[in-house]
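For reference, the structure is listed below as structure tokens.
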Amino acid sequence: MFRLLLRTAFLASTTGMLVADLPPPADAEELQPMSAAEFDLLKKTLLYTEDDAKALRASREILAGQTDALLDTWYGFVGANPHLLHFFTRKGDGKPDDAYLAAVRERFKAWVLDTAAADFDAAWLAKQLELGRRHHRSGKNRTDKVDAVENINYRYLPALIVPLYTTIRPYLAAKGNSETEVDAMQEAWRKALVLTVILWSQPYVDPRDF
Ligand code: HEM
């Protein structure tokens, strides 16, 4: 405790600022979508190439008839984990809101095909900021006018990449593509999920640090 006090005093004296003086979390309404130039640097950083775009587009055709089954798997994972299902529960009685789950599931299905289209233009970038907000307290519950838990803890967003990436593989393999093609599609999905979660992080992160 004493060390903490010392450290706080040190920080306050060196920055001239107390923790209480720090600016409040960003007003997510004022955030701007990432520019195309910034997004290019991000893609470059995580080795996203035109080959990945092609592989994603190839996956679109394969996944098109399977989004219901894929969502069964993904929702099955969330439903089997009370700490995740929690974010679909009502604040009032703590029970899952079935109508909320069903409405989000429909948008999730559309999102799979939208992501697989790999058309990452300015409209798509703006949409990602909105989808980030819908996980964050600045936009969650708004679309479905529900009174559910108000924020999804940030730590679970990057964590969910792993089960989504892992469990998509059988669906990518379901139409008889070669192992190499399935590998390429799964790898492209991995990168698309990482890109997506980075963009969705924006409402959670101090703009100076994003
Ligand atoms: C890789 C990470 C994730 C992906 C790709 C993802 C995907 C999606 C998609 C596509 C939607 C529908 C967006 C819309 O069109 O409105 C959505 C909404 C939602 N997701 Fe996620 N999600 C992720 C992480 C999480 C986690 C960890 C949770 C925790 C259970 C979660 C809970 C929700 C909830 C509650 C909504 C509804 C938000 C609202 O009120 O509009 N998501 N997610």
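So you can find residues: chains in the structure tokens are A, B, ... in the order shown, residues in each start at 1, and ligands are numbered from 1 in order.
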Using only C-alpha atoms and all ligand atoms, tabulate the residues of chain A lying at most 8 Å from any atom of ligand 1, each with its closest atom pair and that distance in Å to one decimal, by chain and increasing residue number, as JSON lines.
{"residue": "A:Val78", "atom": "CA", "partner": "ligand 1", "partner_atom_place_in_ligand_line": "30 (C)", "distance": 6.2}
{"residue": "A:His83", "atom": "CA", "partner": "ligand 1", "partner_atom_place_in_ligand_line": "30 (C)", "distance": 7.6}
{"residue": "A:Leu84", "atom": "CA", "partner": "ligand 1", "partner_atom_place_in_ligand_line": "30 (C)", "distance": 4.0}
{"residue": "A:Leu85", "atom": "CA", "partner": "ligand 1", "partner_atom_place_in_ligand_line": "30 (C)", "distance": 5.5}
{"residue": "A:His86", "atom": "CA", "partner": "ligand 1", "partner_atom_place_in_ligand_line": "30 (C)", "distance": 6.8}
{"residue": "A:Phe87", "atom": "CA", "partner": "ligand 1", "partner_atom_place_in_ligand_line": "35 (C)", "distance": 5.0}
{"residue": "A:Phe88", "atom": "CA", "partner": "ligand 1", "partner_atom_place_in_ligand_line": "35 (C)", "distance": 5.0}
{"residue": "A:Tyr100", "atom": "CA", "partner": "ligand 1", "partner_atom_place_in_ligand_line": "37 (C)", "distance": 7.5}
{"residue": "A:Leu101", "atom": "CA", "partner": "ligand 1", "partner_atom_place_in_ligand_line": "35 (C)", "distance": 7.7}
{"residue": "A:Val104", "atom": "CA", "partner": "ligand 1", "partner_atom_place_in_ligand_line": "12 (C)", "distance": 5.2}
{"residue": "A:Arg105", "atom": "CA", "partner": "ligand 1", "partner_atom_place_in_ligand_line": "12 (C)", "distance": 7.0}
{"residue": "A:Glu106", "atom": "CA", "partner": "ligand 1", "partner_atom_place_in_ligand_line": "12 (C)", "distance": 7.9}
{"residue": "A:Arg107", "atom": "CA", "partner": "ligand 1", "partner_atom_place_in_ligand_line": "15 (O)", "distance": 4.6}
{"residue": "A:Phe108", "atom": "CA", "partner": "ligand 1", "partner_atom_place_in_ligand_line": "10 (C)", "distance": 3.9}
{"residue": "A:Lys109", "atom": "CA", "partner": "ligand 1", "partner_atom_place_in_ligand_line": "10 (C)", "distance": 7.2}
{"residue": "A:Ala110", "atom": "CA", "partner": "ligand 1", "partner_atom_place_in_ligand_line": "10 (C)", "distance": 7.6}
{"residue": "A:Trp111", "atom": "CA", "partner": "ligand 1", "partner_atom_place_in_ligand_line": "10 (C)", "distance": 4.9}
{"residue": "A:Val112", "atom": "CA", "partner": "ligand 1", "partner_atom_place_in_ligand_line": "10 (C)", "distance": 7.1}
{"residue": "A:Leu131", "atom": "CA", "partner": "ligand 1", "partner_atom_place_in_ligand_line": "13 (C)", "distance": 5.5}
{"residue": "A:Arg134", "atom": "CA", "partner": "ligand 1", "partner_atom_place_in_ligand_line": "41 (O)", "distance": 4.4}
{"residue": "A:His135", "atom": "CA", "partner": "ligand 1", "partner_atom_place_in_ligand_line": "38 (C)", "distance": 5.1}
{"residue": "A:Gly139", "atom": "CA", "partner": "ligand 1", "partner_atom_place_in_ligand_line": "41 (O)", "distance": 6.8}
{"residue": "A:Lys140", "atom": "CA", "partner": "ligand 1", "partner_atom_place_in_ligand_line": "40 (O)", "distance": 3.8}
{"residue": "A:Asn141", "atom": "CA", "partner": "ligand 1", "partner_atom_place_in_ligand_line": "40 (O)", "distance": 3.4}
{"residue": "A:Arg142", "atom": "CA", "partner": "ligand 1", "partner_atom_place_in_ligand_line": "40 (O)", "distance": 5.9}
{"residue": "A:Thr143", "atom": "CA", "partner": "ligand 1", "partner_atom_place_in_ligand_line": "41 (O)", "distance": 5.3}
{"residue": "A:Asp144", "atom": "CA", "partner": "ligand 1", "partner_atom_place_in_ligand_line": "40 (O)", "distance": 6.4}
{"residue": "A:Val146", "atom": "CA", "partner": "ligand 1", "partner_atom_place_in_ligand_line": "40 (O)", "distance": 7.5}
{"residue": "A:Ala148", "atom": "CA", "partner": "ligand 1", "partner_atom_place_in_ligand_line": "40 (O)", "distance": 7.8}
{"residue": "A:Ile152", "atom": "CA", "partner": "ligand 1", "partner_atom_place_in_ligand_line": "29 (C)", "distance": 5.8}
{"residue": "A:Asn153", "atom": "CA", "partner": "ligand 1", "partner_atom_place_in_ligand_line": "27 (C)", "distance": 7.6}
{"residue": "A:Tyr154", "atom": "CA", "partner": "ligand 1", "partner_atom_place_in_ligand_line": "27 (C)", "distance": 7.6}
{"residue": "A:Arg155", "atom": "CA", "partner": "ligand 1", "partner_atom_place_in_ligand_line": "27 (C)", "distance": 7.7}
{"residue": "A:Tyr156", "atom": "CA", "partner": "ligand 1", "partner_atom_place_in_ligand_line": "27 (C)", "distance": 4.2}
{"residue": "A:Leu157", "atom": "CA", "partner": "ligand 1", "partner_atom_place_in_ligand_line": "27 (C)", "distance": 4.3}
{"residue": "A:Pro158", "atom": "CA", "partner": "ligand 1", "partner_atom_place_in_ligand_line": "1 (C)", "distance": 5.8}
{"residue": "A:Ala159", "atom": "CA", "partner": "ligand 1", "partner_atom_place_in_ligand_line": "27 (C)", "distance": 6.9}
{"residue": "A:Leu160", "atom": "CA", "partner": "ligand 1", "partner_atom_place_in_ligand_line": "1 (C)", "distance": 4.6}
{"residue": "A:Ile161", "atom": "CA", "partner": "ligand 1", "partner_atom_place_in_ligand_line": "1 (C)", "distance": 4.2}
{"residue": "A:Val162", "atom": "CA", "partner": "ligand 1", "partner_atom_place_in_ligand_line": "1 (C)", "distance": 7.8}
{"residue": "A:Leu164", "atom": "CA", "partner": "ligand 1", "partner_atom_place_in_ligand_line": "1 (C)", "distance": 6.8}
{"residue": "A:Leu193", "atom": "CA", "partner": "ligand 1", "partner_atom_place_in_ligand_line": "1 (C)", "distance": 5.8}
{"residue": "A:Val194", "atom": "CA", "partner": "ligand 1", "partner_atom_place_in_ligand_line": "1 (C)", "distance": 7.5}
{"residue": "A:Thr196", "atom": "CA", "partner": "ligand 1", "partner_atom_place_in_ligand_line": "5 (C)", "distance": 6.9}
{"residue": "A:Val197", "atom": "CA", "partner": "ligand 1", "partner_atom_place_in_ligand_line": "1 (C)", "distance": 5.9}
Q: Identify, on the basis of only C-alpha atoms, every residue whose closest approach to A:Glu30 does not exceed 12 Å; exclude the query and any residue fewer than 5 positions from it along the same chain; express the result as a ChimeraX atom specification.
A: /A:25,129-130,133,138,202-203,207
Q. Between A:Ile198, A:Ala37, A:Asp147, A:Thr167, which has the minimum distance to A:Gly76 (counting only C-alpha atoms)?
A.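 Once distances to A:Gly76 are computed over only C-alpha atoms, the minimum belongs to A:Thr167.
You will find atom CA of A:Lys44 at 16.2 Å from atom CA of A:Asp119.
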Q.
Between A:Arg60, A:Arg208, A:Lys43, A:Lys145, which residue has the minimum interatomic distance to A:Tyr171, considering only C-alpha atoms?
A.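 Distance minimum relative to A:Tyr171 lands on A:Arg60.
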Q: Write out as JSON, numbers by chain which residues come within 9 Å of A:Trp74 when counting only C-alpha atoms, dropping same-chain ones fewer than 3 positions away.
A: {"A": [69, 70, 71, 77, 78, 79, 163, 164, 167, 168]}
Once you have the residues from the selection above, write them out as a short mmCIF file (atom, residue, chain, number, x, y, z; two decimals), in the first residue's frame, restricted to C-alpha atoms.
data_model
loop_
_atom_site.label_atom_id
_atom_site.label_comp_id
_atom_site.auth_asym_id
_atom_site.auth_seq_id
_atom_site.Cartn_x
_atom_site.Cartn_y
_atom_site.Cartn_z
CA ALA A 69 -24.98 -24.69 -38.59
CA LEU A 70 -21.94 -22.49 -37.92
CA LEU A 71 -23.99 -20.27 -35.64
CA PHE A 77 -19.97 -22.33 -27.22
CA VAL A 78 -21.31 -19.08 -25.77
CA GLY A 79 -24.34 -20.86 -24.30
CA PRO A 163 -12.79 -20.74 -30.60
CA LEU A 164 -14.23 -19.03 -33.69
CA THR A 167 -14.39 -24.30 -34.98
CA ILE A 168 -14.83 -22.76 -38.43
#
Q.
At a cut-off of 6 Å, using only C-alpha atoms, what residues contact A:Asp52? Leave out same-chain residues fewer than 3 positions from it and give the result as a PyMOL selection string.
A. chain A and resi 49+55+188
Q: Output as a ChimeraX atom specification all residues of stretch 69-180 of chain A that backbone DSSP marks as helix (DSSP H, G or I).
A: /A:69-79,82-88,98-116,122-135,156-167,169-172,179-180
Q | Closest of A:Gln32, A:Thr45, A:Gln66, A:Ser201 to A:Ala173 - atom-to-atom distances counting only C-alpha atoms | A | A:Gln66
Q.
Rounded to one decimal, what separation in Å do you get between atom CA of A:Gly132 and atom CA of A:Asp114?
A.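 Pair atom CA of A:Gly132 / atom CA of A:Asp114 returns 15.6 Å.
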Which residues of stretch 15-121 of chain A sit at most 12 Å from stretch 175-180 of chain A, using only C-alpha atoms? Give each one's shortest atom pair and distance in Å (one decimal place), in chain and ascending residue order, as a tab-separated table.
residue	atom	partner	partner_atom	distance
A:Ala55	CA	A:Thr180	CA	10.8
A:Ala58	CA	A:Asn177	CA	10.3
A:Ser59	CA	A:Lys175	CA	10.1
A:Arg60	CA	A:Lys175	CA	11.9
A:Glu61	CA	A:Lys175	CA	9.8
A:Ile62	CA	A:Lys175	CA	6.7
A:Leu63	CA	A:Lys175	CA	9.3
A:Ala64	CA	A:Lys175	CA	11.3
A:Gly65	CA	A:Lys175	CA	10.6
A:Gln66	CA	A:Lys175	CA	10.5
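Here the question is which of A:Arg57, A:Glu187, A:Trp200, A:Ala80 gets nearest to A:Lys127 using only C-alpha atoms, and that residue is A:Trp200.
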